[in-house]
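K.L.:
Dropping in query-v4.cif, which is mmCIF, C-alpha atoms and all ligand atoms:
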data_entry
#
loop_
_atom_site.group_PDB
_atom_site.id
_atom_site.type_symbol
_atom_site.label_atom_id
_atom_site.label_comp_id
_atom_site.auth_asym_id
_atom_site.auth_seq_id
_atom_site.Cartn_x
_atom_site.Cartn_y
_atom_site.Cartn_z
ATOM 1 C CA MET A 1 196.289 87.585 -23.353
ATOM 2 C CA LEU A 2 199.044 85.268 -24.572
ATOM 3 C CA ASP A 3 200.067 84.860 -20.949
ATOM 4 C CA MET A 4 201.025 81.212 -21.538
ATOM 5 C CA ILE A 5 203.521 82.317 -24.145
ATOM 6 C CA GLN A 6 206.933 83.044 -22.786
ATOM 7 C CA GLU A 7 210.136 84.103 -24.426
ATOM 8 C CA THR A 8 211.690 80.696 -23.849
ATOM 9 C CA PRO A 9 214.279 78.804 -25.895
ATOM 10 C CA GLY A 10 212.623 76.924 -28.732
ATOM 11 C CA ARG A 11 210.130 79.712 -29.401
ATOM 12 C CA ASP A 12 210.783 82.034 -32.304
ATOM 13 C CA ALA A 13 213.521 84.332 -31.084
ATOM 14 C CA GLY A 14 213.052 86.702 -34.012
ATOM 15 C CA TRP A 15 209.314 87.408 -34.078
ATOM 16 C CA LEU A 16 208.056 86.602 -30.598
ATOM 17 C CA PRO A 17 209.346 89.659 -28.679
ATOM 18 C CA ALA A 18 207.666 92.015 -31.175
ATOM 19 C CA LEU A 19 204.383 90.082 -31.032
ATOM 20 C CA LEU A 20 204.379 90.150 -27.222
ATOM 21 C CA ARG A 21 205.221 93.849 -27.174
ATOM 22 C CA GLU A 22 203.082 95.230 -30.018
ATOM 23 C CA GLY A 23 200.341 92.583 -30.459
ATOM 24 C CA TYR A 24 200.977 92.268 -34.198
ATOM 25 C CA LEU A 25 203.677 91.411 -36.731
ATOM 26 C CA SER A 26 204.211 92.442 -40.336
ATOM 27 C CA ILE A 27 206.171 89.712 -42.156
ATOM 28 C CA PRO A 28 207.362 90.551 -45.677
ATOM 29 C CA ALA A 29 207.447 86.984 -47.050
ATOM 30 C CA ILE A 30 205.661 83.798 -45.992
ATOM 31 C CA THR A 31 204.847 82.246 -49.371
ATOM 32 C CA ASP A 32 205.389 82.674 -53.127
ATOM 33 C CA ALA A 33 203.427 84.057 -56.063
ATOM 34 C CA ALA A 34 202.434 80.625 -57.452
ATOM 35 C CA ASP A 35 200.922 79.621 -54.104
ATOM 36 C CA ILE A 36 199.015 82.911 -53.880
ATOM 37 C CA THR A 37 197.648 82.414 -57.408
ATOM 38 C CA LYS A 38 196.353 78.995 -56.354
ATOM 39 C CA ILE A 39 194.767 80.271 -53.103
ATOM 40 C CA ARG A 40 193.209 83.258 -54.834
ATOM 41 C CA ALA A 41 191.615 81.060 -57.522
ATOM 42 C CA ILE A 42 190.057 78.888 -54.784
ATOM 43 C CA CYS A 43 188.810 81.918 -52.843
ATOM 44 C CA SER A 44 187.254 83.649 -55.844
ATOM 45 C CA ARG A 45 185.531 80.417 -56.926
ATOM 46 C CA LEU A 46 184.058 79.861 -53.440
ATOM 47 C CA ILE A 47 182.721 83.408 -53.366
ATOM 48 C CA ALA A 48 181.301 83.146 -56.896
ATOM 49 C CA VAL A 49 179.383 79.932 -56.116
ATOM 50 C CA ARG A 50 178.252 81.325 -52.710
ATOM 51 C CA ALA A 51 179.822 78.342 -50.917
ATOM 52 C CA GLY A 52 178.449 77.916 -47.387
ATOM 53 C CA TYR A 53 175.687 80.516 -47.870
ATOM 54 C CA ARG A 54 172.835 78.270 -46.686
ATOM 55 C CA GLU A 55 174.849 77.314 -43.582
ATOM 56 C CA GLY A 56 175.423 80.983 -42.724
ATOM 57 C CA ARG A 57 179.134 80.530 -43.410
ATOM 58 C CA GLN A 58 179.080 82.983 -46.336
ATOM 59 C CA PHE A 59 177.486 86.386 -45.784
ATOM 60 C CA ASP A 60 177.855 90.117 -46.250
ATOM 61 C CA MET A 61 180.057 91.308 -43.406
ATOM 62 C CA VAL A 62 179.142 94.999 -43.691
ATOM 63 C CA GLY A 63 175.542 94.975 -44.979
ATOM 64 C CA GLU A 64 172.174 93.593 -43.884
ATOM 65 C CA ASP A 65 172.895 90.380 -45.823
ATOM 66 C CA GLU A 66 169.356 89.921 -47.105
ATOM 67 C CA SER A 67 170.023 88.097 -50.359
ATOM 68 C CA PRO A 68 172.842 86.009 -51.881
ATOM 69 C CA SER A 69 172.747 88.299 -54.912
ATOM 70 C CA ILE A 70 173.871 91.335 -52.882
ATOM 71 C CA LEU A 71 176.922 90.548 -50.774
ATOM 72 C CA ARG A 72 178.759 93.841 -50.651
ATOM 73 C CA VAL A 73 181.815 92.540 -48.788
ATOM 74 C CA PRO A 74 181.539 88.749 -48.857
ATOM 75 C CA GLN A 75 183.098 86.794 -46.022
ATOM 76 C CA ILE A 76 183.311 82.982 -45.836
ATOM 77 C CA LEU A 77 183.933 81.247 -42.506
ATOM 78 C CA ARG A 78 185.788 77.898 -42.517
ATOM 79 C CA PRO A 79 186.289 77.750 -46.305
ATOM 80 C CA HIS A 80 188.533 74.674 -45.843
ATOM 81 C CA LEU A 81 185.265 72.729 -45.418
ATOM 82 C CA ASP A 82 184.466 73.547 -49.061
ATOM 83 C CA ALA A 83 188.059 73.369 -50.315
ATOM 84 C CA PRO A 84 190.209 71.055 -48.134
ATOM 85 C CA GLU A 85 193.158 71.817 -50.448
ATOM 86 C CA LEU A 86 193.452 75.162 -48.606
ATOM 87 C CA ARG A 87 195.160 73.147 -45.873
ATOM 88 C CA ARG A 88 197.727 71.689 -48.258
ATOM 89 C CA THR A 89 199.192 74.931 -49.580
ATOM 90 C CA ARG A 90 202.691 76.219 -49.024
ATOM 91 C CA PHE A 91 201.150 79.083 -47.033
ATOM 92 C CA TYR A 92 199.293 76.702 -44.722
ATOM 93 C CA LEU A 93 202.449 74.705 -43.938
ATOM 94 C CA ALA A 94 204.527 77.857 -43.346
ATOM 95 C CA ALA A 95 201.773 79.421 -41.203
ATOM 96 C CA GLU A 96 201.437 76.276 -39.085
ATOM 97 C CA ALA A 97 205.211 76.215 -38.492
ATOM 98 C CA LEU A 98 205.171 79.935 -37.627
ATOM 99 C CA ALA A 99 202.226 79.508 -35.241
ATOM 100 C CA ARG A 100 203.952 76.653 -33.451
ATOM 101 C CA SER A 101 207.196 78.587 -33.190
ATOM 102 C CA LEU A 102 205.280 81.497 -31.645
ATOM 103 C CA LEU A 103 202.719 79.703 -29.475
ATOM 104 C CA GLY A 104 204.403 76.355 -28.863
ATOM 105 C CA PRO A 105 204.044 72.874 -30.384
ATOM 106 C CA GLU A 106 200.549 72.386 -28.876
ATOM 107 C CA ALA A 107 199.091 75.146 -31.078
ATOM 108 C CA ARG A 108 196.389 73.824 -33.432
ATOM 109 C CA PHE A 109 194.611 75.172 -36.502
ATOM 110 C CA THR A 110 191.013 75.986 -35.513
ATOM 111 C CA PHE A 111 189.526 78.403 -38.029
ATOM 112 C CA ASP A 112 189.975 80.108 -41.388
ATOM 113 C CA HIS A 113 188.138 82.775 -43.350
ATOM 114 C CA ILE A 114 188.115 84.742 -46.572
ATOM 115 C CA ILE A 115 187.192 88.419 -47.001
ATOM 116 C CA MET A 116 186.773 90.031 -50.428
ATOM 117 C CA LYS A 117 186.466 93.789 -50.835
ATOM 118 C CA PRO A 118 185.210 94.642 -54.319
ATOM 119 C CA ALA A 119 186.978 97.267 -56.432
ATOM 120 C CA LEU A 120 186.038 100.866 -55.632
ATOM 121 C CA ASP A 121 183.947 99.887 -52.626
ATOM 122 C CA GLY A 122 183.708 102.309 -49.746
ATOM 123 C CA SER A 123 183.392 99.693 -47.004
ATOM 124 C CA ALA A 124 185.979 99.535 -44.256
ATOM 125 C CA VAL A 125 186.294 96.658 -41.776
ATOM 126 C CA PRO A 126 185.673 98.494 -38.487
ATOM 127 C CA PHE A 127 188.237 98.330 -35.703
ATOM 128 C CA HIS A 128 187.481 95.352 -33.452
ATOM 129 C CA GLN A 129 189.020 92.574 -31.343
ATOM 130 C CA ASP A 130 188.431 89.021 -32.596
ATOM 131 C CA GLU A 131 187.848 87.864 -29.008
ATOM 132 C CA ALA A 132 184.650 89.987 -28.942
ATOM 133 C CA PHE A 133 182.992 87.383 -31.207
ATOM 134 C CA ARG A 134 183.819 84.491 -28.872
ATOM 135 C CA ASP A 135 182.400 82.962 -25.672
ATOM 136 C CA PRO A 136 183.083 85.393 -22.784
ATOM 137 C CA ALA A 137 183.232 82.471 -20.327
ATOM 138 C CA MET A 138 186.406 81.161 -21.961
ATOM 139 C CA LYS A 139 190.006 82.342 -22.088
ATOM 140 C CA TYR A 140 191.698 82.283 -25.498
ATOM 141 C CA GLN A 141 195.302 82.132 -26.640
ATOM 142 C CA GLU A 142 195.144 82.601 -30.381
ATOM 143 C CA ILE A 143 196.845 84.204 -33.327
ATOM 144 C CA THR A 144 195.516 85.029 -36.778
ATOM 145 C CA ILE A 145 197.850 84.863 -39.762
ATOM 146 C CA TRP A 146 196.359 87.161 -42.447
ATOM 147 C CA LEU A 147 197.474 86.653 -46.036
ATOM 148 C CA PRO A 148 196.474 89.279 -48.613
ATOM 149 C CA LEU A 149 196.155 87.729 -52.078
ATOM 150 C CA GLN A 150 197.645 90.756 -53.886
ATOM 151 C CA PRO A 151 199.990 93.467 -52.639
ATOM 152 C CA VAL A 152 198.189 95.718 -50.134
ATOM 153 C CA ASP A 153 198.517 99.336 -49.100
ATOM 154 C CA MET A 154 196.265 102.068 -47.731
ATOM 155 C CA GLN A 155 194.525 102.408 -51.102
ATOM 156 C CA ASN A 156 193.155 98.871 -51.251
ATOM 157 C CA GLY A 157 192.624 98.129 -47.555
ATOM 158 C CA CYS A 158 195.759 96.857 -45.827
ATOM 159 C CA MET A 159 195.527 95.811 -42.178
ATOM 160 C CA GLN A 160 195.786 98.428 -39.459
ATOM 161 C CA PHE A 161 196.591 97.581 -35.843
ATOM 162 C CA VAL A 162 196.449 99.491 -32.574
ATOM 163 C CA ALA A 163 199.904 98.845 -31.147
ATOM 164 C CA GLY A 164 199.866 97.500 -27.577
ATOM 165 C CA SER A 165 196.060 97.062 -27.494
ATOM 166 C CA HIS A 166 196.426 93.298 -26.835
ATOM 167 C CA LEU A 167 197.680 94.133 -23.326
ATOM 168 C CA GLY A 168 194.310 95.505 -22.200
ATOM 169 C CA GLU A 169 190.863 93.968 -21.748
ATOM 170 C CA VAL A 170 188.180 93.305 -24.345
ATOM 171 C CA LEU A 171 186.750 96.771 -25.087
ATOM 172 C CA PRO A 172 183.038 97.638 -25.556
ATOM 173 C CA HIS A 173 181.797 96.635 -29.035
ATOM 174 C CA HIS A 174 178.631 97.289 -31.008
ATOM 175 C CA ARG A 175 177.304 96.173 -34.358
ATOM 176 C CA GLY A 176 177.959 98.694 -37.111
ATOM 177 C CA GLY A 177 174.249 99.334 -37.815
ATOM 178 C CA GLY A 178 171.520 97.001 -36.583
ATOM 179 C CA ARG A 179 171.863 93.558 -38.092
ATOM 180 C CA VAL A 180 175.323 93.863 -39.574
ATOM 181 C CA HIS A 181 177.707 91.024 -38.682
ATOM 182 C CA ALA A 182 180.818 93.175 -38.244
ATOM 183 C CA LEU A 183 181.517 94.491 -34.740
ATOM 184 C CA GLU A 184 183.090 97.844 -33.991
ATOM 185 C CA CYS A 185 184.862 98.729 -30.762
ATOM 186 C CA SER A 186 185.342 102.002 -28.953
ATOM 187 C CA GLY A 187 187.833 103.227 -26.405
ATOM 188 C CA TYR A 188 191.074 102.372 -28.207
ATOM 189 C CA GLU A 189 194.025 104.733 -28.666
ATOM 190 C CA GLN A 190 193.643 106.235 -32.136
ATOM 191 C CA ASN A 191 197.140 107.697 -32.034
ATOM 192 C CA ARG A 192 198.600 104.187 -31.805
ATOM 193 C CA ILE A 193 197.153 102.950 -35.132
ATOM 194 C CA VAL A 194 199.817 101.429 -37.383
ATOM 195 C CA SER A 195 199.165 100.584 -41.065
ATOM 196 C CA CYS A 196 200.817 97.502 -42.551
ATOM 197 C CA PRO A 197 201.282 97.631 -46.335
ATOM 198 C CA LEU A 198 202.671 94.345 -47.686
ATOM 199 C CA PRO A 199 204.226 93.021 -50.883
ATOM 200 C CA LEU A 200 202.783 89.911 -52.561
ATOM 201 C CA GLY A 201 203.595 86.903 -50.345
ATOM 202 C CA GLY A 202 203.759 88.872 -47.084
ATOM 203 C CA CYS A 203 201.416 88.412 -44.131
ATOM 204 C CA THR A 204 200.473 89.959 -40.804
ATOM 205 C CA VAL A 205 199.970 88.198 -37.466
ATOM 206 C CA HIS A 206 197.757 89.445 -34.624
ATOM 207 C CA THR A 207 196.418 88.122 -31.348
ATOM 208 C CA GLY A 208 192.741 87.643 -30.528
ATOM 209 C CA ARG A 209 192.819 90.762 -28.391
ATOM 210 C CA THR A 210 194.686 93.141 -30.724
ATOM 211 C CA VAL A 211 192.419 95.948 -31.968
ATOM 212 C CA HIS A 212 192.536 95.942 -35.783
ATOM 213 C CA GLY A 213 190.598 96.905 -38.898
ATOM 214 C CA SER A 214 191.177 97.815 -42.526
ATOM 215 C CA GLY A 215 190.207 100.729 -44.746
ATOM 216 C CA ALA A 216 188.003 100.755 -47.834
ATOM 217 C CA ASN A 217 189.244 99.373 -51.149
ATOM 218 C CA GLN A 218 189.583 102.438 -53.336
ATOM 219 C CA SER A 219 191.568 100.647 -56.035
ATOM 220 C CA GLN A 220 190.347 99.386 -59.420
ATOM 221 C CA ALA A 221 190.750 95.690 -58.461
ATOM 222 C CA PRO A 222 189.122 93.474 -55.844
ATOM 223 C CA ARG A 223 191.069 92.920 -52.618
ATOM 224 C CA TYR A 224 191.153 89.352 -51.320
ATOM 225 C CA ALA A 225 192.525 88.120 -47.990
ATOM 226 C CA TYR A 226 192.707 84.619 -46.533
ATOM 227 C CA SER A 227 193.297 84.138 -42.767
ATOM 228 C CA LEU A 228 194.260 81.162 -40.634
ATOM 229 C CA VAL A 229 193.722 81.008 -36.863
ATOM 230 C CA PHE A 230 195.870 78.844 -34.566
ATOM 231 C CA GLU A 231 195.309 78.471 -30.828
ATOM 232 C CA PHE A 232 195.650 76.482 -27.633
ATOM 233 C CA PRO A 233 192.504 74.745 -26.402
ATOM 234 C CA PRO A 234 190.531 77.485 -24.564
ATOM 235 C CA SER A 235 190.258 77.312 -20.759
ATOM 236 C CA LYS A 236 187.605 78.715 -18.366
ATOM 237 C CA CYS A 237 187.964 82.402 -17.489
ATOM 238 C CA ASP A 238 189.103 83.101 -13.917
ATOM 239 C CA SER A 239 186.533 85.876 -13.463
ATOM 240 C CA PRO A 240 183.146 86.038 -15.215
ATOM 241 C CA ARG A 241 182.753 88.405 -18.172
ATOM 242 C CA THR A 242 179.793 89.451 -20.278
ATOM 243 C CA PHE A 243 179.802 90.657 -23.892
ATOM 244 C CA PRO A 244 176.425 92.487 -24.065
ATOM 245 C CA TRP A 245 176.751 93.091 -27.833
ATOM 246 C CA GLN A 246 176.278 89.337 -28.356
ATOM 247 C CA GLY A 247 172.711 89.611 -27.022
ATOM 248 C CA ASN A 248 171.613 91.800 -29.956
ATOM 249 C CA ALA A 249 168.880 90.685 -32.371
ATOM 250 C CA PRO A 250 170.146 87.839 -34.563
ATOM 251 C CA THR A 251 171.584 88.817 -37.940
ATOM 252 C CA ASN A 252 170.359 87.230 -41.174
ATOM 253 C CA ARG A 253 173.524 85.131 -41.077
ATOM 254 C CA ASP A 254 172.616 83.878 -37.568
ATOM 255 C CA LEU A 255 169.091 83.003 -38.735
ATOM 256 C CA ARG A 256 170.379 81.031 -41.759
ATOM 257 C CA GLU A 257 172.742 79.077 -39.519
ATOM 258 C CA GLN A 258 169.953 78.312 -37.020
ATOM 259 C CA ARG A 259 167.654 77.101 -39.848
ATOM 260 C CA TRP A 260 170.413 74.966 -41.353
ATOM 261 C CA ARG A 261 171.172 73.365 -37.958
ATOM 262 C CA ARG A 262 167.478 72.494 -37.450
ATOM 263 C CA ARG A 263 167.265 70.935 -40.910
ATOM 264 C CA GLY A 264 170.061 68.402 -40.463
ATOM 265 C CA GLY A 265 173.065 70.676 -39.992
ATOM 266 C CA VAL A 266 173.571 69.423 -36.426
ATOM 267 C CA GLY A 267 174.312 65.942 -37.797
ATOM 268 C CA ILE A 268 176.736 67.366 -40.364
ATOM 269 C CA MET A 269 178.508 69.314 -37.614
ATOM 270 C CA ALA A 270 178.815 66.171 -35.467
ATOM 271 C CA TRP A 271 180.241 64.269 -38.451
ATOM 272 C CA ARG A 272 182.784 67.038 -39.136
ATOM 273 C CA LYS A 273 183.845 66.998 -35.476
ATOM 274 C CA LEU A 274 184.283 63.231 -35.497
ATOM 275 C CA ARG A 275 186.248 63.353 -38.763
ATOM 276 C CA ARG A 276 188.536 66.022 -37.274
ATOM 277 C CA LYS A 277 189.142 63.817 -34.232
ATOM 278 C CA LEU A 278 189.779 60.686 -36.294
ATOM 279 C CA LEU A 279 192.168 62.479 -38.659
ATOM 280 C CA GLY A 280 193.823 64.339 -35.771
ATOM 281 C CA ARG A 281 193.583 67.683 -37.616
HETATM 282 O O1 LIG A 301 190.517 91.328 -44.286
HETATM 283 C C1 LIG A 301 190.281 92.350 -43.622
HETATM 284 O O2 LIG A 301 190.193 93.449 -44.142
HETATM 285 C C2 LIG A 301 190.094 92.279 -42.130
HETATM 286 C C3 LIG A 301 190.483 90.953 -41.559
HETATM 287 C C4 LIG A 301 190.221 90.770 -40.112
HETATM 288 O O3 LIG A 301 189.639 91.591 -39.446
HETATM 289 C C5 LIG A 301 190.716 89.540 -39.474
HETATM 290 O O4 LIG A 301 191.275 88.654 -40.160
HETATM 291 O O5 LIG A 301 190.560 89.403 -38.239
#
Is it possible to express this structure as structure tokens?
Ligand SMILES: O=C(O)CCC(=O)C(=O)O

P.N.:
Amino acid sequence: MLDMIQETPGRDAGWLPALLREGYLSIPAITDAADITKIRAICSRLIAVRAGYREGRQFDMVGEDESPSILRVPQILRPHLDAPELRRTRFYLAAEALARSLLGPEARFTFDHIIMKPALDGSAVPFHQDEAFRDPAMKYQEITIWLPLQPVDMQNGCMQFVAGSHLGEVLPHHRGGGRVHALECSGYEQNRIVSCPLPLGGCTVHTGRTVHGSGANQSQAPRYAYSLVFEFPPSKCDSPRTFPWQGNAPTNRDLREQRWRRRGGVGIMAWRKLRRKLLGR
């Protein structure tokens, strides 16, 4: 993982060695309070109006996701499709510059998501590797820049990483209970878990292979986080891999997406792809 990334001149001399060694970074400041206020208002509005629900882009990441009225821990995939202004924030510009300094100038934005943990909710995000959700036939070089939209600590669900786990393979994963979207992995070194509390405006960075998760939100206020993913175009894997957990019964989110695609969503996806190509972003 990240084998195309070298410690060469022009790459970020400060952060890159730690990312290559540990598989994650904890950066105390990437944006300011006014920017966070703006991003948080967008995120809470998108969750409140259930943006992307019919497309399967909004769902309950830890529950069975049977109804839009019960999303215990709502997650929205690609929220920039609902709110393009998310790509014009101070955070976005700083994250893009950081990603290019770490990965190289060819790195491109490919994905974003929002996760909201309600106040006093017992749900943790299980430890997993992001690569476990992706196509096993392809090789990925990606980083996620995770921005909490309030200060975070162990009480409200800060990120936790397994140091050095990005240097191994993709570990076995399973769904945390039947039709739940979230994946959970096994076989990682529990004694290498590092918690990353952050002040307002700080962020973490992790690779697609770094094992990570976050604890429950035991505080009195909701915990929001907004993540951006940057990567090189994926290439074919040298040796074939299989991710058996992807063959499980489809989740309710999967079924909504399939229905939406059949009912015209395929055309919308083609239009979005074309627009991305024409705009070059
Ligand atoms: O927001 C969280 O608690 C977990 C985020 C996460 O797993 C990710 O961004 O890959």

K.L.:
Counting all atoms listed in the file, note down every residue that has an atom within 10 Å of the point (193.1, 83.3, -36.6) (file coordinates), as a PyMOL selection string.

P.N.:
chain A and resi 99+109-113+130+142-146+205-208+227-231

K.L.:
Using all atoms listed in the file, which of the listed residues (A:Thr251, A:Thr204, A:Ser101, A:Ser239) sits closest to ligand LIG 301 (chain A)?

P.N.:
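Among A:Thr251, A:Thr204, A:Ser101, A:Ser239, it is A:Thr204 that comes nearest to ligand LIG 301 (chain A).
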
K.L.:
Please enumerate the residues selected by the PyMOL selection byres (((not hetatm)) within 9 of (chain A and resi 301)) when evaluated against the supplied file, formatted as a VMD selection string.

P.N.:
chain A and resid 75 112 to 117 124 to 130 144 to 148 157 to 160 206 208 212 to 216 223 to 229

K.L.:
Taking C-alpha atoms for each residue, export the selection above as a tab-separated table (two decimals), in the coordinates of the input.

P.N.:
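And here's selection.tsv as it stands now:
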chain	number	residue	atom	x	y	z
A	75	GLN	CA	183.10	86.79	-46.02
A	112	ASP	CA	189.98	80.11	-41.39
A	113	HIS	CA	188.14	82.78	-43.35
A	114	ILE	CA	188.12	84.74	-46.57
A	115	ILE	CA	187.19	88.42	-47.00
A	116	MET	CA	186.77	90.03	-50.43
A	117	LYS	CA	186.47	93.79	-50.84
A	124	ALA	CA	185.98	99.54	-44.26
A	125	VAL	CA	186.29	96.66	-41.78
A	126	PRO	CA	185.67	98.49	-38.49
A	127	PHE	CA	188.24	98.33	-35.70
A	128	HIS	CA	187.48	95.35	-33.45
A	129	GLN	CA	189.02	92.57	-31.34
A	130	ASP	CA	188.43	89.02	-32.60
A	144	THR	CA	195.52	85.03	-36.78
A	145	ILE	CA	197.85	84.86	-39.76
A	146	TRP	CA	196.36	87.16	-42.45
A	147	LEU	CA	197.47	86.65	-46.04
A	148	PRO	CA	196.47	89.28	-48.61
A	157	GLY	CA	192.62	98.13	-47.56
A	158	CYS	CA	195.76	96.86	-45.83
A	159	MET	CA	195.53	95.81	-42.18
A	160	GLN	CA	195.79	98.43	-39.46
A	206	HIS	CA	197.76	89.44	-34.62
A	208	GLY	CA	192.74	87.64	-30.53
A	212	HIS	CA	192.54	95.94	-35.78
A	213	GLY	CA	190.60	96.90	-38.90
A	214	SER	CA	191.18	97.82	-42.53
A	215	GLY	CA	190.21	100.73	-44.75
A	216	ALA	CA	188.00	100.76	-47.83
A	223	ARG	CA	191.07	92.92	-52.62
A	224	TYR	CA	191.15	89.35	-51.32
A	225	ALA	CA	192.52	88.12	-47.99
A	226	TYR	CA	192.71	84.62	-46.53
A	227	SER	CA	193.30	84.14	-42.77
A	228	LEU	CA	194.26	81.16	-40.63
A	229	VAL	CA	193.72	81.01	-36.86

K.L.:
Could you please determine the separation between atom CA of Glu66 of chain A and atom CA of Arg50 of chain A in Å, to one decimal place?

P.N.:
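According to the coordinates, atom CA of Glu66 of chain A and atom CA of Arg50 of chain A are separated by 13.6 Å.
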
K.L.:
Output the residue selection produced by the PyMOL selection byres (((chain A and resi 18) around 12) and not hetatm) on the file above, formatted as a ChimeraX atom specification.

P.N.:
/A:7,12-17,19-27,102,163-164,205-207

K.L.:
What does the PyMOL selection byres (((chain A and resi 78) around 8) and not hetatm) select in this file, as a PDB file with C-alpha atoms, keeping the file's coordinate frame?

P.N.:
ATOM      1  CA  ARG A  57     179.134  80.530 -43.410  1.00  0.00           C
ATOM      2  CA  ILE A  76     183.311  82.982 -45.836  1.00  0.00           C
ATOM      3  CA  LEU A  77     183.933  81.247 -42.506  1.00  0.00           C
ATOM      4  CA  PRO A  79     186.289  77.750 -46.305  1.00  0.00           C
ATOM      5  CA  HIS A  80     188.533  74.674 -45.843  1.00  0.00           C
ATOM      6  CA  LEU A  81     185.265  72.729 -45.418  1.00  0.00           C
ATOM      7  CA  ASP A  82     184.466  73.547 -49.061  1.00  0.00           C
ATOM      8  CA  PHE A 111     189.526  78.403 -38.029  1.00  0.00           C
ATOM      9  CA  ASP A 112     189.975  80.108 -41.388  1.00  0.00           C
ATOM     10  CA  HIS A 113     188.138  82.775 -43.350  1.00  0.00           C
TER      11      HIS A 113
END

K.L.:
When distances are computed from all atoms listed in the file, which of A:Met61, A:Leu200, A:Leu93, A:Val162 shows the smallest separation from Arg40 of chain A?

P.N.:
A:Leu200

K.L.:
Using only C-alpha atoms, which of A:Arg192, A:Arg276, A:Arg241, A:Arg262 sits nearest Leu171 of chain A?

P.N.:
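Among the listed residues, the smallest separation from Leu171 of chain A belongs to A:Arg241.
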
K.L.:
When you draw a straight line from atom CA of Val73 of chain A to atom CA of Lys273 of chain A, how long is it in Å?

P.N.:
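Separation between atom CA of Val73 of chain A and atom CA of Lys273 of chain A: 28.9 Å.
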
K.L.:
To one decimal place in Å, what is the distance between atom CA of Glu169 of chain A and atom CA of Asn191 of chain A?

P.N.:
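Separation of atom CA of Glu169 of chain A and atom CA of Asn191 of chain A: 18.3 Å.
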
K.L.:
Select all residues near (170.0, 84.8, -41.1) (cut-off 10 Å, inclusive, file coordinates), counting all atoms listed in the file, and output them as a VMD selection string.

P.N.:
chain A and resid 53 to 56 59 64 to 67 179 250 to 260

K.L.:
Quick one: everything within 8 Å of Phe243 of chain A, counting only C-alpha atoms, minus sequence neighbours fewer than 4 positions away in the same chain. Send it as a compact mmCIF listing (two decimals) with C-alpha atoms, in the frame of the given file.

P.N.:
# COMPACT_ATOMS: atom_id res chain seq x y z
CA ALA A 132 184.65 89.99 -28.94
CA PRO A 136 183.08 85.39 -22.78
CA PRO A 172 183.04 97.64 -25.56
CA GLY A 247 172.71 89.61 -27.02
